[in-house]
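Below you'll find the structure, written out as structure tokens, and then a few comments.
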Number of protein chains: 2
Amino acid sequence: MSELASQTYTRADEAFDCLQTAIVKGDLAPGDKIGELDLCSRFELTRGPLREALGRLESRGLLVRRPHAGVKVVSVSASELVELYRIREVMEGLAARQAAERMTDQEIADLQATLNAHEAMIDEARGQAYYQAEGDYDFHHRIATGSRNTKLAQMLLGDLYYMVRMYRYRLSTSAGRPHLALGEHRRIVEAIAQRDGELAEFLMKRHINAARKNIEKKIEEGLLTI
Amino acid sequence: MSELASQTYTRADEAFDCLQTAIVKGDLAPGDKIGELDLCSRFELTRGPLREALGRLESRGLLVRRPHAGVKVVSVSASELVELYRIREVMEGLAARQAAERMTDQEIADLQATLNAHEAMIDEARGQAYYQAEGDYDFHHRIATGSRNTKLAQMLLGDLYYMVRMYRYRLSTSAGRPHLALGEHRRIVEAIAQRDGELAEFLMKRHINAARKNIEKKIEEGLLTI
DNA sequence: ATACCGGATATTGTCAACAATACCTGAGTC
DNA sequence: GACTCAGGTATTGTTGACAATATCCGGTAT
């Protein structure tokens, strides 16, 4: 009766993971028409599972498929990245509010511990990259699951975050403000610890808003094109 | 070079649509383990395209699949429906705000015309069902696309609305307050026409909030179980 | 020279057979 | 009598071949 994730890992799952990471990391060029056979030889798969994985990816908006014409990775634009952050703002605001209402004390303690670890990384000055790549992701990940809102977590973790990471890789951008972000993270967690959902939502929205404005500034400076 | 939707309709698309409507309408029972062969004979398909469609449906959260154990339609609960409305509240609030900023005058005029049509339906007293089923959907549909936020529209139209409709069918619930809803719709459109994004967001959030409270009331009264 | 049209080709969509695995049934044991 | 375990069976996962179609290239006409 245990709800443990099934150990069996099907070829289609494998294909899906390979393709997803390849797209997110930018190994597959956007707009490029990639053939199914190429992908098969590339990932040591056969066409059946591959096609199933392609269907899933298409449904998640990571690639587009025209019948008999092949698949191509979605073209990305900086303006779309900004739109993504607008969505994140409202959805993660909600997640923060619900997390403040529903997270267990243990989960909150773990979250605070995570933040301490991040701070140590940054203080060592070499952790900037780590913080950007993993720490920030970890923070938002925990809050999404802590919301106890199944669909919300699914949309954030299964769709949006992959999109954001893809755009970040493609446009080679990053928030680039680790210290500021850490302080904002701290205040959000404090609000959650005090079970102040309204404040947690406000702070989370402002946090993501700041990240969005940072990106918009870069666009204006011409550092991010298309 | 026109961006027109490809006319070719593949068997997998067909399977996807059939399955999706069957799930949403409740023809496929939740929790039931349905075999692939059953589905094939039921919809006159073969297993290849079917499996591709199953992958897409799974990725959208309409069904769950355990390797070698078959697929089953997601079990739904009233509390999850409430969670869905919480997500709608923030996402459609954003959509309304962006629609107020970006919709063309023509689109706004069309939206107002749609509302007038709905009002006529309701005044004829027999249109209640129509309004619930199509009118409300049409209204929210137009605002989602009017936001000009590709991903937002995709998430609302491709994921959330199907989920909401499924839950409505399954729990045989409906907002059941057409006149009130129409008034709220009118005020939202007025705010959009005045290009007041902030107000449009506020009104939309309150509109969906009211619908959620209505559902919660029904749950409390024991009309909606599980 | 450019635009249009028709066929060749390579790629995608589809199908049916083969292999692997989870579930069920039955016997055996504590 | 209840539980465990092993084998059979039916279902799913995978594979390779076949059919359909969009793209590309060459020819022709304007």
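Here, A, B, ... name the chains of the structure tokens in the order displayed, residue numbers run from 1 inside each chain, and ligands are numbered from 1 in the same displayed order.
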
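Contacts from chain A to chain D at a cut-off of 10 Å (only C-alpha atoms (C1' of nucleotides)) map to Thr10, Arg11, Ala12, Thr46, Arg47, Gly48, Pro49, Arg66, Pro67, His68, Ala69 and Gly70 of chain A.
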
Could you work out which residues of chain B fall inside 7 Å of chain A? Count only C-alpha atoms, and format the result as a VMD selection string. chain B and resid 8 51 to 52 55 to 56 59 67 83 87 90 to 91 149 152

Would you put the residues from that selection into a file with N, CA, C and O atoms, as a compact mmCIF listing (two decimals), in the first residue's frame?
```
# COMPACT_ATOMS: atom_id res chain seq x y z
N THR B 8 -3.53 19.14 -41.29
CA THR B 8 -3.42 17.69 -41.09
C THR B 8 -3.71 17.32 -39.65
O THR B 8 -3.19 17.92 -38.73
N ARG B 51 -0.96 5.32 -27.38
CA ARG B 51 0.06 5.48 -26.35
C ARG B 51 0.62 6.90 -26.36
O ARG B 51 0.92 7.47 -25.30
N GLU B 52 0.77 7.45 -27.55
CA GLU B 52 1.27 8.81 -27.63
C GLU B 52 0.28 9.76 -26.94
O GLU B 52 0.68 10.64 -26.17
N GLY B 55 0.47 9.50 -23.20
CA GLY B 55 1.59 10.26 -22.66
C GLY B 55 1.23 11.72 -22.48
O GLY B 55 1.52 12.31 -21.44
N ARG B 56 0.57 12.29 -23.49
CA ARG B 56 0.18 13.70 -23.37
C ARG B 56 -0.81 13.91 -22.22
O ARG B 56 -0.66 14.85 -21.44
N SER B 59 0.93 13.76 -18.92
CA SER B 59 1.71 14.96 -18.67
C SER B 59 0.82 16.13 -18.26
O SER B 59 1.27 17.07 -17.63
N PRO B 67 3.88 1.84 -14.81
CA PRO B 67 4.45 0.92 -15.79
C PRO B 67 3.94 -0.51 -15.61
O PRO B 67 3.93 -1.03 -14.51
N GLU B 83 -8.72 23.97 -4.52
CA GLU B 83 -7.34 24.37 -4.79
C GLU B 83 -7.21 24.91 -6.21
O GLU B 83 -6.47 25.87 -6.47
N ILE B 87 -5.83 28.64 -7.69
CA ILE B 87 -4.87 28.90 -8.77
C ILE B 87 -5.51 29.80 -9.82
O ILE B 87 -4.89 30.77 -10.29
N VAL B 90 -5.44 33.68 -8.99
CA VAL B 90 -4.25 34.49 -9.24
C VAL B 90 -3.90 34.54 -10.72
O VAL B 90 -3.51 35.59 -11.24
N MET B 91 -4.08 33.42 -11.43
CA MET B 91 -3.69 33.40 -12.84
C MET B 91 -4.64 34.22 -13.70
O MET B 91 -4.21 34.96 -14.58
N ASN B 149 -0.20 36.78 -23.36
CA ASN B 149 0.86 36.07 -22.64
C ASN B 149 0.75 34.61 -23.04
O ASN B 149 -0.11 33.87 -22.54
N LEU B 152 0.85 31.88 -20.35
CA LEU B 152 -0.30 32.01 -19.46
C LEU B 152 -1.55 31.45 -20.12
O LEU B 152 -2.29 30.65 -19.53
```

I'd like to know which residues of chain A are helix (DSSP H, G or I) (by DSSP, run on the backbone); could you write them as JSON, numbers by chain? {"A": [11, 12, 13, 14, 15, 16, 17, 18, 19, 20, 21, 22, 23, 24, 25, 36, 37, 38, 39, 40, 41, 42, 43, 47, 48, 49, 50, 51, 52, 53, 54, 55, 56, 57, 58, 59, 78, 79, 80, 81, 82, 83, 84, 85, 86, 87, 88, 89, 90, 91, 92, 93, 94, 95, 96, 97, 98, 99, 100, 101, 102, 105, 106, 107, 108, 109, 110, 111, 112, 113, 114, 115, 116, 117, 118, 119, 120, 121, 122, 123, 128, 129, 130, 131, 132, 133, 134, 135, 136, 137, 138, 139, 140, 141, 142, 143, 144, 145, 146, 150, 151, 152, 153, 154, 155, 156, 157, 158, 159, 160, 161, 162, 163, 164, 165, 166, 167, 168, 169, 170, 178, 179, 180, 181, 182, 183, 184, 185, 186, 187, 188, 189, 190, 191, 192, 193, 197, 198, 199, 200, 201, 202, 203, 204, 205, 206, 207, 208, 209, 210, 211, 212, 213, 214, 215, 216, 217, 218, 219, 220]}

How close does each residue of chain C get to chain A, giving the shortest atom pair and distance in Å to one decimal for every residue with an atom at most 8 Å away, counting only C-alpha atoms (C1' of nucleotides), sorted by chain and residue number, as a tab-separated table?
```
residue	atom	partner	partner_atom	distance
C:DT11	C1'	A:His68	CA	7.1
C:DT12	C1'	A:His68	CA	4.6
C:DG13	C1'	A:His68	CA	7.4
```

Atoms to include: N, CA and C atoms (P, O5', C5', C4', C3', O3' and C1' of nucleotides). Write the selected residues as a PDB file, in the first residue's frame.
```pdb
ATOM      1  P    DT C  11      16.126  11.887 -43.859  1.00  0.00           P
ATOM      2  O5'  DT C  11      14.919  12.298 -42.904  1.00  0.00           O
ATOM      3  C5'  DT C  11      14.193  13.494 -43.162  1.00  0.00           C
ATOM      4  C4'  DT C  11      12.734  13.321 -42.816  1.00  0.00           C
ATOM      5  C3'  DT C  11      12.493  12.607 -41.484  1.00  0.00           C
ATOM      6  O3'  DT C  11      11.841  13.474 -40.584  1.00  0.00           O
ATOM      7  C1'  DT C  11      11.043  11.805 -43.196  1.00  0.00           C
ATOM      8  P    DT C  12      11.581  12.997 -39.055  1.00  0.00           P
ATOM      9  O5'  DT C  12       9.999  12.756 -39.045  1.00  0.00           O
ATOM     10  C5'  DT C  12       9.129  13.809 -39.431  1.00  0.00           C
ATOM     11  C4'  DT C  12       7.759  13.252 -39.788  1.00  0.00           C
ATOM     12  C3'  DT C  12       6.994  12.637 -38.609  1.00  0.00           C
ATOM     13  O3'  DT C  12       5.671  13.145 -38.579  1.00  0.00           O
ATOM     14  C1'  DT C  12       7.076  11.116 -40.414  1.00  0.00           C
ATOM     15  P    DG C  13       4.733  12.815 -37.341  1.00  0.00           P
ATOM     16  O5'  DG C  13       3.769  11.650 -37.855  1.00  0.00           O
ATOM     17  C5'  DG C  13       2.749  11.958 -38.777  1.00  0.00           C
ATOM     18  C4'  DG C  13       2.006  10.702 -39.185  1.00  0.00           C
ATOM     19  C3'  DG C  13       1.337   9.957 -38.026  1.00  0.00           C
ATOM     20  O3'  DG C  13       0.012   9.594 -38.401  1.00  0.00           O
ATOM     21  C1'  DG C  13       2.745   8.482 -39.216  1.00  0.00           C
TER      22       DG C  13
END
```

So what do you get for CA of Ile192 (chain B) versus CA of Met204 (chain B), distance-wise?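 Atom-to-atom, CA of Ile192 (chain B) to CA of Met204 (chain B), that is 10.6 Å.
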
Provide the CA of Asp32 (chain A) to CA of Val73 (chain A) distance in Å, to one decimal place.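 About the pair CA of Asp32 (chain A) and CA of Val73 (chain A): they are 6.4 Å apart.
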
Find the spatial neighbours of Gly31 (chain B), counting only C-alpha atoms (C1' of nucleotides), within a cut-off of 10 Å - ignore same-chain residues fewer than 4 positions away - and output them as a list in words. Leu63, Val64, Val71, Lys72, Val73, Val74, Ser75 and Val76 of chain B

Env of Asp110 (chain B): 12 Å cut, atoms = only C-alpha atoms (C1' of nucleotides), seq-sep filter 2 positions within chain, self excluded. Answer as a list in words.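 Those residues are Met103, Thr104, Asp105, Gln106, Glu107, Ile108, Gln112, Ala113, Thr114, Leu115, Asn116, Ala117, Asp138, Phe139, Arg142, Ile143, Gly146, Val189 and Ala193 of chain B.
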
Take the residues just selected and output them with N, CA, C and O atoms as a compact mmCIF listing (two decimals), in the first residue's frame.
```txt
# COMPACT_ATOMS: atom_id res chain seq x y z
N MET B 103 -5.39 44.13 -24.97
CA MET B 103 -6.44 43.78 -25.92
C MET B 103 -6.66 44.92 -26.92
O MET B 103 -6.55 46.10 -26.55
N THR B 104 -6.99 44.59 -28.15
CA THR B 104 -7.32 45.62 -29.12
C THR B 104 -8.74 46.12 -28.84
O THR B 104 -9.54 45.44 -28.20
N ASP B 105 -9.04 47.31 -29.35
CA ASP B 105 -10.38 47.86 -29.18
C ASP B 105 -11.42 46.92 -29.78
O ASP B 105 -12.52 46.76 -29.25
N GLN B 106 -11.05 46.32 -30.90
CA GLN B 106 -11.96 45.39 -31.56
C GLN B 106 -12.27 44.19 -30.65
O GLN B 106 -13.43 43.78 -30.51
N GLU B 107 -11.24 43.65 -30.04
CA GLU B 107 -11.44 42.50 -29.15
C GLU B 107 -12.34 42.86 -27.98
O GLU B 107 -13.21 42.08 -27.57
N ILE B 108 -12.15 44.06 -27.45
CA ILE B 108 -12.98 44.49 -26.33
C ILE B 108 -14.43 44.63 -26.78
O ILE B 108 -15.36 44.22 -26.08
N GLN B 112 -17.68 42.64 -25.30
CA GLN B 112 -18.93 43.24 -24.83
C GLN B 112 -20.13 42.65 -25.56
O GLN B 112 -21.17 42.40 -24.96
N ALA B 113 -19.96 42.43 -26.87
CA ALA B 113 -21.05 41.83 -27.65
C ALA B 113 -21.38 40.43 -27.10
O ALA B 113 -22.55 40.06 -26.98
N THR B 114 -20.34 39.68 -26.77
CA THR B 114 -20.54 38.35 -26.20
C THR B 114 -21.37 38.43 -24.93
O THR B 114 -22.30 37.66 -24.71
N LEU B 115 -21.03 39.42 -24.10
CA LEU B 115 -21.76 39.58 -22.85
C LEU B 115 -23.22 39.90 -23.10
O LEU B 115 -24.11 39.38 -22.40
N ASN B 116 -23.47 40.76 -24.09
CA ASN B 116 -24.86 41.07 -24.41
C ASN B 116 -25.61 39.82 -24.84
O ASN B 116 -26.76 39.62 -24.45
N ALA B 117 -24.96 39.00 -25.63
CA ALA B 117 -25.60 37.76 -26.05
C ALA B 117 -25.93 36.89 -24.85
O ALA B 117 -27.02 36.32 -24.75
N ASP B 138 -16.55 30.86 -22.52
CA ASP B 138 -16.18 31.77 -23.59
C ASP B 138 -15.57 33.05 -23.04
O ASP B 138 -14.54 33.52 -23.53
N PHE B 139 -16.19 33.59 -22.00
CA PHE B 139 -15.69 34.83 -21.40
C PHE B 139 -14.25 34.68 -20.92
O PHE B 139 -13.37 35.45 -21.30
N ARG B 142 -11.67 34.23 -23.78
CA ARG B 142 -11.28 35.44 -24.50
C ARG B 142 -10.29 36.27 -23.71
O ARG B 142 -9.36 36.86 -24.28
N ILE B 143 -10.48 36.34 -22.42
CA ILE B 143 -9.56 37.14 -21.62
C ILE B 143 -8.19 36.47 -21.55
O ILE B 143 -7.16 37.14 -21.60
N GLY B 146 -6.59 37.21 -24.71
CA GLY B 146 -6.39 38.65 -24.80
C GLY B 146 -5.19 39.13 -24.00
O GLY B 146 -4.70 40.23 -24.22
N VAL B 189 -15.24 43.70 -17.70
CA VAL B 189 -15.05 44.20 -19.06
C VAL B 189 -14.99 45.72 -19.07
O VAL B 189 -14.21 46.31 -19.82
N ALA B 193 -12.11 47.90 -20.65
CA ALA B 193 -12.38 48.93 -21.66
C ALA B 193 -11.76 50.26 -21.24
O ALA B 193 -11.31 51.02 -22.09
```

Computed gap from CA of Pro30 (chain B) to CA of Ser172 (chain B) is 14.0 Å
